[in-house]
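What follows is the content of final-v4.txt, which has compact mmCIF, C-alpha atoms:
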# COMPACT_ATOMS: atom_id res chain seq x y z
CA MET A 1408 -74.82 16.14 4.94
CA THR A 1409 -74.85 13.46 7.64
CA LEU A 1410 -75.18 14.85 11.15
CA ARG A 1411 -74.03 13.04 14.29
CA TYR A 1412 -74.51 14.12 17.87
CA GLY A 1413 -71.24 15.22 19.38
CA PHE A 1414 -70.35 15.34 23.06
CA GLY A 1415 -66.74 16.45 22.81
CA SER A 1416 -66.98 20.01 24.09
CA GLY A 1417 -66.49 19.15 27.75
CA LEU A 1418 -66.20 16.21 30.15
CA ALA A 1419 -66.84 15.99 33.89
CA ILE A 1420 -66.91 13.36 36.62
CA ARG A 1421 -69.16 13.80 39.65
CA ALA A 1422 -67.60 12.96 43.01
CA GLY A 1423 -69.11 9.80 44.41
CA ASP A 1424 -70.29 8.39 41.07
CA PRO A 1425 -69.28 4.81 40.16
CA PRO A 1426 -65.96 4.35 38.32
CA GLY A 1427 -66.26 5.03 34.60
CA HIS A 1428 -69.34 7.21 34.97
CA VAL A 1429 -68.76 10.38 32.93
CA TRP A 1430 -70.85 13.40 31.91
CA ALA A 1431 -70.26 15.17 28.61
CA ILE A 1432 -71.67 18.15 26.75
CA GLY A 1433 -71.93 19.15 23.11
CA ASP A 1434 -71.85 22.69 21.83
CA ARG A 1435 -74.64 24.86 20.41
CA GLY A 1436 -75.72 22.46 17.65
CA PRO A 1437 -74.71 21.77 14.04
CA ASN A 1438 -73.03 24.81 12.51
CA ILE A 1439 -70.56 25.29 9.69
CA LYS A 1440 -68.54 28.14 8.23
CA VAL A 1441 -69.79 29.55 4.93
CA ARG A 1442 -66.57 28.74 3.06
CA ASP A 1443 -66.73 25.13 4.25
CA ILE A 1444 -70.33 24.50 3.22
CA ILE A 1445 -69.62 25.97 -0.23
CA GLY A 1446 -66.42 23.99 -0.68
CA GLN A 1447 -67.66 20.67 0.69
CA TYR A 1448 -71.31 20.68 -0.35
CA GLY A 1449 -71.31 22.97 -3.39
CA LEU A 1450 -73.85 25.46 -2.05
CA ASP A 1451 -72.56 28.26 -4.28
CA GLU A 1452 -75.75 30.24 -3.76
CA LEU A 1453 -74.43 31.08 -0.30
CA THR A 1454 -71.35 32.83 -1.73
CA PRO A 1455 -72.64 36.36 -0.92
CA LEU A 1456 -72.49 35.44 2.79
CA LEU A 1457 -68.68 35.18 2.58
CA ALA A 1458 -68.60 38.95 2.90
CA LEU A 1459 -70.12 38.78 6.41
CA SER A 1460 -67.46 38.40 9.10
CA GLY A 1461 -68.03 35.36 11.30
CA ALA A 1462 -71.16 34.18 9.45
CA LYS A 1463 -72.27 30.62 10.21
CA ILE A 1464 -74.79 28.25 8.64
CA MET A 1465 -76.99 26.23 11.00
CA PRO A 1466 -78.54 23.34 9.04
CA ARG A 1467 -80.64 22.17 12.02
CA PRO A 1468 -81.28 25.07 14.41
CA ASP A 1469 -83.78 22.88 16.26
CA ILE A 1470 -80.91 20.82 17.65
CA GLY A 1471 -79.64 22.68 20.70
CA PRO A 1472 -77.31 22.17 23.67
CA THR A 1473 -77.46 18.66 25.17
CA LEU A 1474 -75.84 16.81 28.05
CA ALA A 1475 -74.84 13.16 27.75
CA GLU A 1476 -74.40 10.55 30.46
CA LEU A 1477 -71.67 8.09 29.45
CA ARG A 1478 -70.24 4.85 30.79
CA VAL A 1479 -66.60 4.00 30.11
CA GLU A 1480 -65.79 0.29 30.41
CA GLY A 1481 -62.61 -1.20 29.00
CA ASP A 1482 -62.24 -0.02 25.42
CA SER A 1483 -65.87 1.02 24.97
CA VAL A 1484 -67.83 4.21 25.68
CA THR A 1485 -71.59 3.73 26.01
CA LEU A 1486 -74.20 6.47 25.73
CA VAL A 1487 -76.55 5.97 28.70
CA ARG A 1488 -78.90 8.90 28.05
CA MET A 1489 -79.13 12.43 26.67
CA VAL A 1490 -80.53 15.42 28.59
CA SER A 1491 -81.67 18.47 26.63
CA LEU A 1492 -81.11 21.85 28.26
CA THR A 1493 -84.39 23.61 29.02
CA LYS A 1494 -85.71 26.94 30.24
CA VAL A 1495 -87.90 27.39 33.32
CA SER A 1496 -90.86 27.39 30.90
CA GLY A 1497 -89.95 23.88 29.76
CA GLN A 1498 -88.90 25.02 26.27
CA ARG A 1499 -85.58 23.76 24.94
CA VAL A 1500 -82.63 26.12 25.09
CA SER A 1501 -81.51 27.07 21.59
CA GLY A 1502 -77.98 27.27 20.26
CA LEU A 1503 -78.63 30.55 18.45
CA ALA A 1504 -76.25 33.45 18.99
CA ASN A 1505 -77.11 36.25 21.41
CA PRO A 1506 -77.93 39.68 19.95
CA GLY A 1507 -74.92 41.89 19.32
CA SER A 1508 -74.46 45.33 20.84
CA GLU A 1509 -71.86 48.05 21.13
CA ASN A 1510 -70.39 46.05 23.99
CA LEU A 1511 -70.64 42.56 22.48
CA LEU A 1512 -69.67 41.12 19.10
CA SER A 1513 -72.14 38.56 17.74
CA GLU A 1514 -72.00 36.37 14.66
CA PRO A 1515 -74.71 36.39 11.97
CA VAL A 1516 -76.42 33.00 11.53
CA PHE A 1517 -78.27 31.67 8.45
CA ASP A 1518 -80.17 28.54 7.44
CA LEU A 1519 -79.35 26.36 4.42
CA ALA A 1520 -81.36 28.64 2.14
CA GLY A 1521 -79.31 31.66 3.20
CA THR A 1522 -82.12 33.17 5.25
CA ARG A 1523 -80.98 34.96 8.36
CA ILE A 1524 -82.00 33.36 11.65
CA ALA A 1525 -82.97 35.76 14.43
CA ALA A 1526 -80.67 36.05 17.43
CA ASP A 1527 -81.80 34.59 20.74
CA PRO A 1528 -80.90 36.38 24.00
CA GLU A 1529 -81.31 33.05 25.81
CA GLY A 1530 -79.23 31.01 23.36
CA LEU A 1531 -76.17 29.15 24.62
CA ASP A 1532 -73.00 27.83 23.02
CA THR A 1533 -72.20 25.26 25.70
CA GLU A 1534 -68.61 24.21 26.24
CA GLY A 1535 -66.98 23.63 29.66
CA LEU A 1536 -68.77 21.36 32.13
CA VAL A 1537 -68.76 20.74 35.89
CA ALA A 1538 -70.89 18.00 37.50
CA LEU A 1539 -71.92 18.91 41.07
CA SER A 1540 -72.57 16.69 44.07
CA ASP A 1541 -76.22 17.83 44.29
CA GLY A 1542 -76.88 16.44 40.80
CA GLY A 1543 -76.71 19.81 39.05
CA PHE A 1544 -74.12 21.30 36.71
CA TRP A 1545 -72.19 24.42 35.83
CA ILE A 1546 -71.50 25.01 32.16
CA GLY A 1547 -69.44 27.58 30.30
CA ASP A 1548 -71.01 29.52 27.44
CA GLU A 1549 -69.01 31.07 24.59
CA PHE A 1550 -71.71 33.49 23.43
CA GLY A 1551 -72.09 35.84 26.43
CA PRO A 1552 -69.76 34.70 27.58
CA SER A 1553 -71.59 33.46 30.64
CA LEU A 1554 -71.63 30.85 33.35
CA VAL A 1555 -74.82 28.83 33.59
CA ARG A 1556 -76.13 26.77 36.51
CA LEU A 1557 -78.34 23.79 35.66
CA ASP A 1558 -80.38 21.58 37.93
CA ALA A 1559 -80.23 17.78 37.71
CA GLN A 1560 -82.85 17.76 34.92
CA GLY A 1561 -80.86 20.17 32.75
CA MET A 1562 -83.02 23.24 33.46
CA VAL A 1563 -81.29 26.62 33.55
CA VAL A 1564 -81.67 28.03 37.07
CA LYS A 1565 -79.04 30.79 36.92
CA ARG A 1566 -77.09 32.56 34.21
CA LEU A 1567 -74.21 34.91 34.96
CA PRO A 1568 -73.50 37.14 31.94
CA PRO A 1569 -71.18 40.15 31.86
CA ARG A 1570 -72.87 42.89 33.89
CA THR A 1571 -72.91 45.26 30.91
CA MET A 1572 -75.35 42.88 29.25
CA GLY A 1573 -77.83 43.22 32.07
CA LYS A 1574 -80.24 40.33 32.48
CA SER A 1575 -79.82 38.20 29.37
CA SER A 1576 -82.31 35.52 30.38
CA PRO A 1577 -85.51 35.34 32.41
CA VAL A 1578 -83.48 33.69 35.14
CA ASP A 1579 -82.15 36.20 37.70
CA ALA A 1580 -78.40 36.86 37.60
CA PRO A 1581 -77.86 38.73 40.88
CA LEU A 1582 -74.22 39.64 40.31
CA GLY A 1583 -73.09 38.67 36.85
CA LEU A 1584 -69.54 38.62 35.57
CA PRO A 1585 -67.16 41.58 35.45
CA PRO A 1586 -67.94 43.79 32.42
CA ILE A 1587 -64.52 43.00 30.96
CA ALA A 1588 -65.79 39.49 30.08
CA ALA A 1589 -67.81 41.00 27.23
CA LYS A 1590 -64.51 41.89 25.54
CA ARG A 1591 -63.99 38.29 24.52
CA GLN A 1592 -63.02 37.73 20.89
CA LEU A 1593 -65.91 36.50 18.73
CA ASN A 1594 -66.57 32.79 19.39
CA ARG A 1595 -63.76 32.69 21.98
CA GLY A 1596 -65.62 32.87 25.28
CA PHE A 1597 -65.53 30.26 28.07
CA GLU A 1598 -64.51 26.78 26.98
CA ALA A 1599 -62.44 25.71 29.99
CA LEU A 1600 -64.14 25.18 33.36
CA THR A 1601 -63.47 23.15 36.51
CA ILE A 1602 -64.22 23.24 40.24
CA SER A 1603 -62.40 22.54 43.50
CA SER A 1604 -63.19 19.32 45.37
CA ASP A 1605 -65.14 21.23 48.06
CA GLU A 1606 -67.12 22.99 45.27
CA ARG A 1607 -66.28 26.39 46.74
CA TRP A 1608 -64.20 27.66 43.82
CA LEU A 1609 -64.85 27.66 40.11
CA PHE A 1610 -61.86 28.01 37.80
CA LEU A 1611 -62.41 29.22 34.25
CA ALA A 1612 -60.26 30.43 31.39
CA PHE A 1613 -61.07 32.40 28.30
CA GLN A 1614 -60.39 30.45 25.15
CA SER A 1615 -58.08 33.18 23.80
CA PRO A 1616 -56.78 36.63 24.77
CA LEU A 1617 -59.52 39.25 24.96
CA ALA A 1618 -60.12 41.69 22.11
CA HIS A 1619 -59.39 44.51 24.53
CA PRO A 1620 -59.39 47.29 23.60
CA ASP A 1621 -59.63 45.93 20.04
CA GLU A 1622 -59.07 42.90 17.81
CA ASP A 1623 -55.47 43.87 17.14
CA ALA A 1624 -54.72 43.49 20.85
CA HIS A 1625 -56.28 40.01 20.75
CA GLU A 1626 -54.06 38.95 17.85
CA GLN A 1627 -50.86 40.27 19.42
CA ALA A 1628 -51.43 39.12 23.01
CA ARG A 1629 -49.61 36.08 24.37
CA HIS A 1630 -51.54 35.38 27.57
CA VAL A 1631 -55.02 34.14 28.45
CA ARG A 1632 -56.95 35.29 31.50
CA LEU A 1633 -57.74 32.58 34.06
CA TRP A 1634 -60.15 33.29 36.93
CA ARG A 1635 -60.80 31.82 40.35
CA MET A 1636 -64.47 32.53 41.18
CA ASP A 1637 -66.61 32.09 44.26
CA ALA A 1638 -69.13 29.45 43.19
CA ASP A 1639 -71.85 30.90 45.43
CA THR A 1640 -71.59 34.60 44.59
CA GLY A 1641 -69.87 34.67 41.19
CA ARG A 1642 -67.22 37.05 42.54
CA VAL A 1643 -63.81 36.86 40.85
CA ALA A 1644 -61.45 36.28 43.78
CA ALA A 1645 -58.25 36.08 41.72
CA GLN A 1646 -57.11 36.60 38.15
CA TYR A 1647 -54.04 35.02 36.54
CA ALA A 1648 -52.22 35.29 33.20
CA TYR A 1649 -51.67 31.92 31.54
CA PRO A 1650 -48.83 32.07 28.95
CA LEU A 1651 -49.55 30.59 25.54
CA ASP A 1652 -46.85 28.66 23.71
CA CYS A 1653 -45.11 29.97 20.61
CA PRO A 1654 -46.93 28.92 17.41
CA ASP A 1655 -43.74 27.27 16.13
CA SER A 1656 -43.99 24.68 18.92
CA PHE A 1657 -47.23 23.17 17.54
CA ALA A 1658 -45.49 20.77 15.17
CA ARG A 1659 -48.48 18.88 13.77
CA ASP A 1660 -50.38 22.10 13.08
CA ARG A 1661 -47.36 23.73 11.47
CA ALA A 1662 -46.94 20.71 9.20
CA LEU A 1663 -50.47 21.27 7.86
CA GLY A 1664 -49.83 24.87 6.79
CA ALA A 1665 -49.96 28.39 8.17
CA PHE A 1666 -50.45 28.45 11.95
CA GLU A 1667 -50.53 31.71 13.90
CA ARG A 1668 -50.80 32.86 17.49
CA ARG A 1669 -54.54 33.53 17.06
CA ASP A 1670 -55.05 29.82 16.28
CA ILE A 1671 -54.02 28.75 19.79
CA LYS A 1672 -56.80 28.08 22.32
CA VAL A 1673 -57.30 26.99 25.92
CA SER A 1674 -60.08 24.40 25.77
CA GLU A 1675 -60.20 22.64 29.14
CA LEU A 1676 -59.19 22.93 32.79
CA LEU A 1677 -59.03 20.14 35.34
CA TRP A 1678 -58.62 20.62 39.10
CA VAL A 1679 -56.17 17.99 40.41
CA GLY A 1680 -55.28 19.28 43.87
CA PRO A 1681 -55.00 22.36 46.05
CA ASP A 1682 -54.35 25.30 43.72
CA THR A 1683 -53.18 22.95 40.95
CA LEU A 1684 -54.79 22.71 37.51
CA LEU A 1685 -54.21 20.78 34.33
CA VAL A 1686 -54.62 23.08 31.32
CA LEU A 1687 -55.44 21.80 27.82
CA GLU A 1688 -53.82 24.14 25.30
CA ARG A 1689 -54.22 23.32 21.62
CA GLY A 1690 -54.21 24.25 18.00
CA SER A 1691 -56.18 21.77 15.95
CA ALA A 1692 -53.85 18.82 15.34
CA THR A 1693 -51.54 19.50 18.30
CA THR A 1694 -52.85 19.14 21.85
CA LYS A 1695 -50.74 19.95 24.91
CA ILE A 1696 -51.52 19.47 28.59
CA TYR A 1697 -49.73 21.56 31.19
CA SER A 1698 -49.71 21.52 34.99
CA CYS A 1699 -50.06 24.93 36.68
CA VAL A 1700 -49.85 25.85 40.34
CA LEU A 1701 -51.83 29.00 41.15
CA GLU A 1702 -49.27 30.70 43.37
CA SER A 1703 -50.39 33.83 45.22
CA GLU A 1704 -47.40 35.66 43.74
CA ALA A 1705 -48.88 35.12 40.26
CA MET A 1706 -52.15 36.94 41.00
CA LEU A 1707 -52.72 39.97 38.81
CA ALA A 1708 -53.41 43.41 40.24
CA ASP A 1709 -57.07 44.38 40.60
CA GLU A 1710 -56.68 47.09 37.94
CA HIS A 1711 -56.48 44.40 35.26
CA LEU A 1712 -60.08 43.41 36.00
CA ASN A 1713 -61.28 46.96 35.35
CA VAL A 1714 -62.54 47.34 31.78
CA ALA A 1715 -61.57 51.03 31.79
CA SER A 1716 -57.94 50.46 32.81
CA ARG A 1717 -55.28 51.39 30.21
CA PRO A 1718 -53.07 49.99 28.91
CA THR A 1719 -55.00 46.73 28.97
CA LEU A 1720 -53.51 43.41 29.97
CA GLU A 1721 -53.70 42.32 26.33
CA GLU A 1722 -51.75 45.38 25.17
CA LEU A 1723 -49.08 44.70 27.82
CA SER A 1724 -49.06 41.01 26.86
CA ALA A 1725 -47.61 41.44 23.36
CA VAL A 1726 -43.97 41.06 24.48
CA ASP A 1727 -41.70 38.19 25.52
CA LYS A 1728 -41.25 39.51 29.08
CA PRO A 1729 -44.41 41.30 30.24
CA MET A 1730 -44.49 43.67 33.19
CA PHE A 1731 -46.98 41.55 35.13
CA PRO A 1732 -46.79 38.18 36.91
CA VAL A 1733 -47.33 35.08 34.77
CA LEU A 1734 -48.24 31.52 35.75
CA VAL A 1735 -45.48 28.92 35.56
CA LYS A 1736 -46.49 25.83 33.62
CA THR A 1737 -44.95 22.36 33.31
CA LEU A 1738 -45.50 20.18 30.26
CA VAL A 1739 -47.39 16.97 31.01
CA PHE A 1740 -48.33 15.80 27.52
CA THR A 1741 -48.05 16.76 23.86
CA SER A 1742 -49.79 14.94 21.03
CA ASP A 1743 -46.87 15.86 18.77
CA ASP A 1744 -45.22 12.79 20.32
CA PHE A 1745 -48.34 10.67 19.67
CA PRO A 1746 -49.54 11.25 16.08
CA GLU A 1747 -52.28 8.66 16.50
CA LEU A 1748 -54.23 11.05 18.75
CA GLY A 1749 -57.08 12.73 16.88
CA ALA A 1750 -57.44 16.44 16.18
CA ASP A 1751 -59.64 18.99 17.97
CA VAL A 1752 -59.40 17.57 21.48
CA GLU A 1753 -61.63 19.70 23.73
CA GLY A 1754 -62.74 17.57 26.70
CA MET A 1755 -60.63 16.13 29.53
CA ALA A 1756 -61.52 14.21 32.70
CA LEU A 1757 -59.58 12.28 35.33
CA LEU A 1758 -60.81 8.66 35.29
CA SER A 1759 -58.44 7.75 38.12
CA PRO A 1760 -55.39 9.33 39.78
CA THR A 1761 -53.27 7.88 36.98
CA GLU A 1762 -55.56 8.01 33.94
CA LEU A 1763 -56.99 10.82 31.81
CA LEU A 1764 -59.90 10.59 29.38
CA LEU A 1765 -59.72 12.89 26.35
CA VAL A 1766 -62.41 13.47 23.73
CA THR A 1767 -62.42 15.17 20.34
CA ASP A 1768 -65.17 17.54 19.18
CA ASN A 1769 -66.80 16.31 15.96
CA ASP A 1770 -68.82 19.53 15.41
CA PHE A 1771 -71.88 17.31 14.84
CA GLY A 1772 -70.18 15.74 11.83
CA VAL A 1773 -70.85 18.72 9.53
CA THR A 1774 -67.48 18.19 7.81
CA GLY A 1775 -67.37 14.41 8.30
CA ALA A 1776 -65.48 14.24 11.63
CA THR A 1777 -66.27 11.57 14.24
CA THR A 1778 -66.03 11.76 18.03
CA GLN A 1779 -63.00 9.92 19.42
CA PHE A 1780 -62.23 9.04 23.03
CA TRP A 1781 -58.66 8.50 24.17
CA ARG A 1782 -57.20 7.19 27.39
CA VAL A 1783 -53.88 8.67 28.55
CA ARG A 1784 -52.04 6.92 31.36
CA LEU A 1785 -50.06 9.02 33.83
CA PRO A 1786 -46.77 7.67 35.17
CA LYS A 1787 -47.70 8.96 38.63
CA PRO A 1788 -50.84 10.37 40.29
CA SER A 1789 -52.14 13.79 39.27
CA GLY A 1790 -49.60 14.15 36.46
CA PRO A 1791 -45.80 14.13 36.33
CA GLN A 1792 -43.68 17.13 37.14
CA THR A 1793 -41.27 16.65 34.24
CA GLY A 1794 -41.17 18.07 30.75
CA LYS A 1795 -41.69 14.69 29.10
CA SER A 1796 -44.88 13.42 27.52
CA LEU A 1797 -47.01 10.83 29.21
CA LEU A 1798 -46.65 7.23 28.18
CA PRO A 1799 -49.26 5.24 26.42
CA THR A 1800 -52.24 6.75 24.64
CA GLU A 1801 -55.08 4.41 23.70
CA ARG A 1802 -58.15 5.06 21.57
CA ILE A 1803 -61.13 3.54 23.34
CA GLY A 1804 -64.16 4.56 21.31
CA SER A 1805 -65.53 6.64 18.46
CA GLY A 1806 -68.77 7.53 16.81
Would it be possible to restate this file's structure as structure tokens?
Amino acid sequence: MTLRYGFGSGLAIRAGDPPGHVWAIGDRGPNIKVRDIIGQYGLDELTPLLALSGAKIMPRPDIGPTLAELRVEGDSVTLVRMVSLTKVSGQRVSGLANPGSENLLSEPVFDLAGTRIAADPEGLDTEGLVALSDGGFWIGDEFGPSLVRLDAQGMVVKRLPPRTMGKSSPVDAPLGLPPIAAKRQLNRGFEALTISSDERWLFLAFQSPLAHPDEDAHEQARHVRLWRMDADTGRVAAQYAYPLDCPDSFARDRALGAFERRDIKVSELLWVGPDTLLVLERGSATTKIYSCVLESEAMLADEHLNVASRPTLEELSAVDKPMFPVLVKTLVFTSDDFPELGADVEGMALLSPTELLLVTDNDFGVTGATTQFWRVRLPKPSGPQTGKSLLPTERIGSG
């Protein structure tokens, strides 16, 4: 098994940085599904682990979450430096799953010998990324799920987990997230994160519908929760329902075999103007980018943020015309029109008012994938308001 660092989980550009200066983040570290490591590497001795739902193999648990500083020039992407995430103690943050509880599903993790690796309450599965003007960062974590504030050196200074989890790290979390966040489907926490230009508001989306009240609701639901949060206090100021596309509309994924609603994910958000976001919605082979305006009329009622409220938003979501307001979205791009674009696009940044940078997640190369960067040119600033795909895509780097 050849491992390669991957920085395709999230991209961000810090206001005021030179043109082409980009920050990126990789996820928890090398990990692979049990069925994949048996099929690709012949480790049949791990077959008993197939019976454990969600089990993962981590061949190098010492490799944890890492930031990367990149420089994009012409058709090349240069790695300037890597910054490991650390605790206040100076120890590296691990990518090991948090302990499970009655309120939180957690996946079992094993090494190459099939020995179980202990859970880590401070572990992070880093995904979304925001680069702040003070040199620090916000990152989204799929495990908790949680929001994590880093200083300029990559040290965790604040972690906001769901309040039902209490304090999940030695760093104080004065408010925490609404308890309903802990209802995320396993491995489907926060992957999409962005911030307003004044850095007052964070915008984040769950990767998939919540498993609320159960996994059946997750599989039937057709909308993803999107939050506007106060960046200072962590308070959710508004909640929206983002509508997922019909599985039949993901042509490249459908061509590869069975593709269901549960395979659709929201992997990135990008703030492009007052109350306007670009949303990256994808399967694996098909990537779509939509423009959404967060109209006040689309805000959900407060009851939908209450974990005890019934029926849940996800239960109400399993119909074509739900009885709650839904965001209106406009297609900006679909990779079904550009088959050259790689699979598993997760990161997105605005290089200029008319140019997007996309990146694929290589999952540290555990199944042989490489990181690819793609430039997408917009026909007009901040994205077109038509239903047609953007014009040229151009691959500018890989590794």
Contacts of Arg1659 (chain A) at 7 Å (only C-alpha atoms; same-chain gap of 2+ positions) as an MDAnalysis selection string: chainID A and resid 1657 1661:1663 1692:1693 1743
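The spacing separating CA of Ser1496 (chain A) from CA of Glu1514 (chain A) amounts to 26.5 Å.
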From the list A:Lys1728, A:Lys1736, A:Arg1669, A:Arg1717, the nearest residue to Leu1685 (chain A) using all atoms listed in the file is A:Lys1736
Tell me which protein, DNA and RNA residues are within 10 Å of region 1618-1625 of chain A, counting all atoms listed in the file, leaving out same-chain ones fewer than 2 positions away, and put them as an MDAnalysis selection string. chainID A and resid 1587:1593 1595 1615:1616 1627:1631 1668:1669 1714:1725
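Proximity to Met1755 (chain A) was assessed for A:Glu1702, A:Asp1518, A:Glu1675, A:Asp1424 counting only C-alpha atoms; the smallest distance is recorded for A:Glu1675.
Among A:Asn1505, A:Thr1774, A:Gln1498, A:Asn1594, the residue with the shortest atom-to-atom distance to Val1441 (chain A), counting only C-alpha atoms, is A:Thr1774.
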Counting all atoms listed in the file, write as a list in words all protein and nucleic acid residues lying at most 6 Å from (-68.1, 20.5, 13.0) in the file's frame. Asn1769, Asp1770, Phe1771, Gly1772, Val1773 and Thr1774 of chain A
Missing atoms of region 1459-1471 of chain A rebuilt to N, CA, C and O atoms, written as a PDB file, keeping the file's coordinate frame:
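Final output, saved to part.pdb:
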ATOM      1  N   LEU A1459     -69.698  38.478   5.040  1.00  0.00           N
ATOM      2  CA  LEU A1459     -70.120  38.780   6.410  1.00  0.00           C
ATOM      3  C   LEU A1459     -69.164  38.117   7.401  1.00  0.00           C
ATOM      4  O   LEU A1459     -69.075  36.888   7.464  1.00  0.00           O
ATOM      5  N   SER A1460     -68.444  38.919   8.150  1.00  0.00           N
ATOM      6  CA  SER A1460     -67.460  38.400   9.100  1.00  0.00           C
ATOM      7  C   SER A1460     -68.117  37.490  10.136  1.00  0.00           C
ATOM      8  O   SER A1460     -69.103  37.856  10.770  1.00  0.00           O
ATOM      9  N   GLY A1461     -67.560  36.287  10.279  1.00  0.00           N
ATOM     10  CA  GLY A1461     -68.030  35.360  11.300  1.00  0.00           C
ATOM     11  C   GLY A1461     -69.313  34.638  10.991  1.00  0.00           C
ATOM     12  O   GLY A1461     -69.837  33.905  11.838  1.00  0.00           O
ATOM     13  N   ALA A1462     -69.855  34.786   9.782  1.00  0.00           N
ATOM     14  CA  ALA A1462     -71.160  34.180   9.450  1.00  0.00           C
ATOM     15  C   ALA A1462     -71.093  32.658   9.548  1.00  0.00           C
ATOM     16  O   ALA A1462     -70.112  32.033   9.148  1.00  0.00           O
ATOM     17  N   LYS A1463     -72.148  32.067  10.075  1.00  0.00           N
ATOM     18  CA  LYS A1463     -72.270  30.620  10.210  1.00  0.00           C
ATOM     19  C   LYS A1463     -73.591  30.155   9.605  1.00  0.00           C
ATOM     20  O   LYS A1463     -74.586  30.887   9.604  1.00  0.00           O
ATOM     21  N   ILE A1464     -73.578  28.914   9.119  1.00  0.00           N
ATOM     22  CA  ILE A1464     -74.790  28.250   8.640  1.00  0.00           C
ATOM     23  C   ILE A1464     -75.199  27.213   9.674  1.00  0.00           C
ATOM     24  O   ILE A1464     -74.373  26.406  10.111  1.00  0.00           O
ATOM     25  N   MET A1465     -76.472  27.237  10.073  1.00  0.00           N
ATOM     26  CA  MET A1465     -76.990  26.230  11.000  1.00  0.00           C
ATOM     27  C   MET A1465     -78.029  25.376  10.266  1.00  0.00           C
ATOM     28  O   MET A1465     -79.174  25.799  10.080  1.00  0.00           O
ATOM     29  N   PRO A1466     -77.626  24.174   9.812  1.00  0.00           N
ATOM     30  CA  PRO A1466     -78.540  23.340   9.040  1.00  0.00           C
ATOM     31  C   PRO A1466     -79.712  22.795   9.845  1.00  0.00           C
ATOM     32  O   PRO A1466     -80.756  22.486   9.277  1.00  0.00           O
ATOM     33  N   ARG A1467     -79.558  22.663  11.165  1.00  0.00           N
ATOM     34  CA  ARG A1467     -80.640  22.170  12.020  1.00  0.00           C
ATOM     35  C   ARG A1467     -80.695  23.002  13.300  1.00  0.00           C
ATOM     36  O   ARG A1467     -80.257  22.565  14.357  1.00  0.00           O
ATOM     37  N   PRO A1468     -81.240  24.219  13.223  1.00  0.00           N
ATOM     38  CA  PRO A1468     -81.280  25.070  14.410  1.00  0.00           C
ATOM     39  C   PRO A1468     -82.163  24.521  15.524  1.00  0.00           C
ATOM     40  O   PRO A1468     -82.113  25.023  16.658  1.00  0.00           O
ATOM     41  N   ASP A1469     -82.949  23.496  15.229  1.00  0.00           N
ATOM     42  CA  ASP A1469     -83.780  22.880  16.260  1.00  0.00           C
ATOM     43  C   ASP A1469     -82.981  21.976  17.185  1.00  0.00           C
ATOM     44  O   ASP A1469     -83.474  21.576  18.243  1.00  0.00           O
ATOM     45  N   ILE A1470     -81.759  21.640  16.790  1.00  0.00           N
ATOM     46  CA  ILE A1470     -80.910  20.820  17.650  1.00  0.00           C
ATOM     47  C   ILE A1470     -80.075  21.761  18.517  1.00  0.00           C
ATOM     48  O   ILE A1470     -79.237  22.496  18.015  1.00  0.00           O
ATOM     49  N   GLY A1471     -80.319  21.748  19.804  1.00  0.00           N
ATOM     50  CA  GLY A1471     -79.640  22.680  20.700  1.00  0.00           C
ATOM     51  C   GLY A1471     -78.724  21.988  21.679  1.00  0.00           C
ATOM     52  O   GLY A1471     -78.426  20.786  21.553  1.00  0.00           O
TER      53      GLY A1471
END
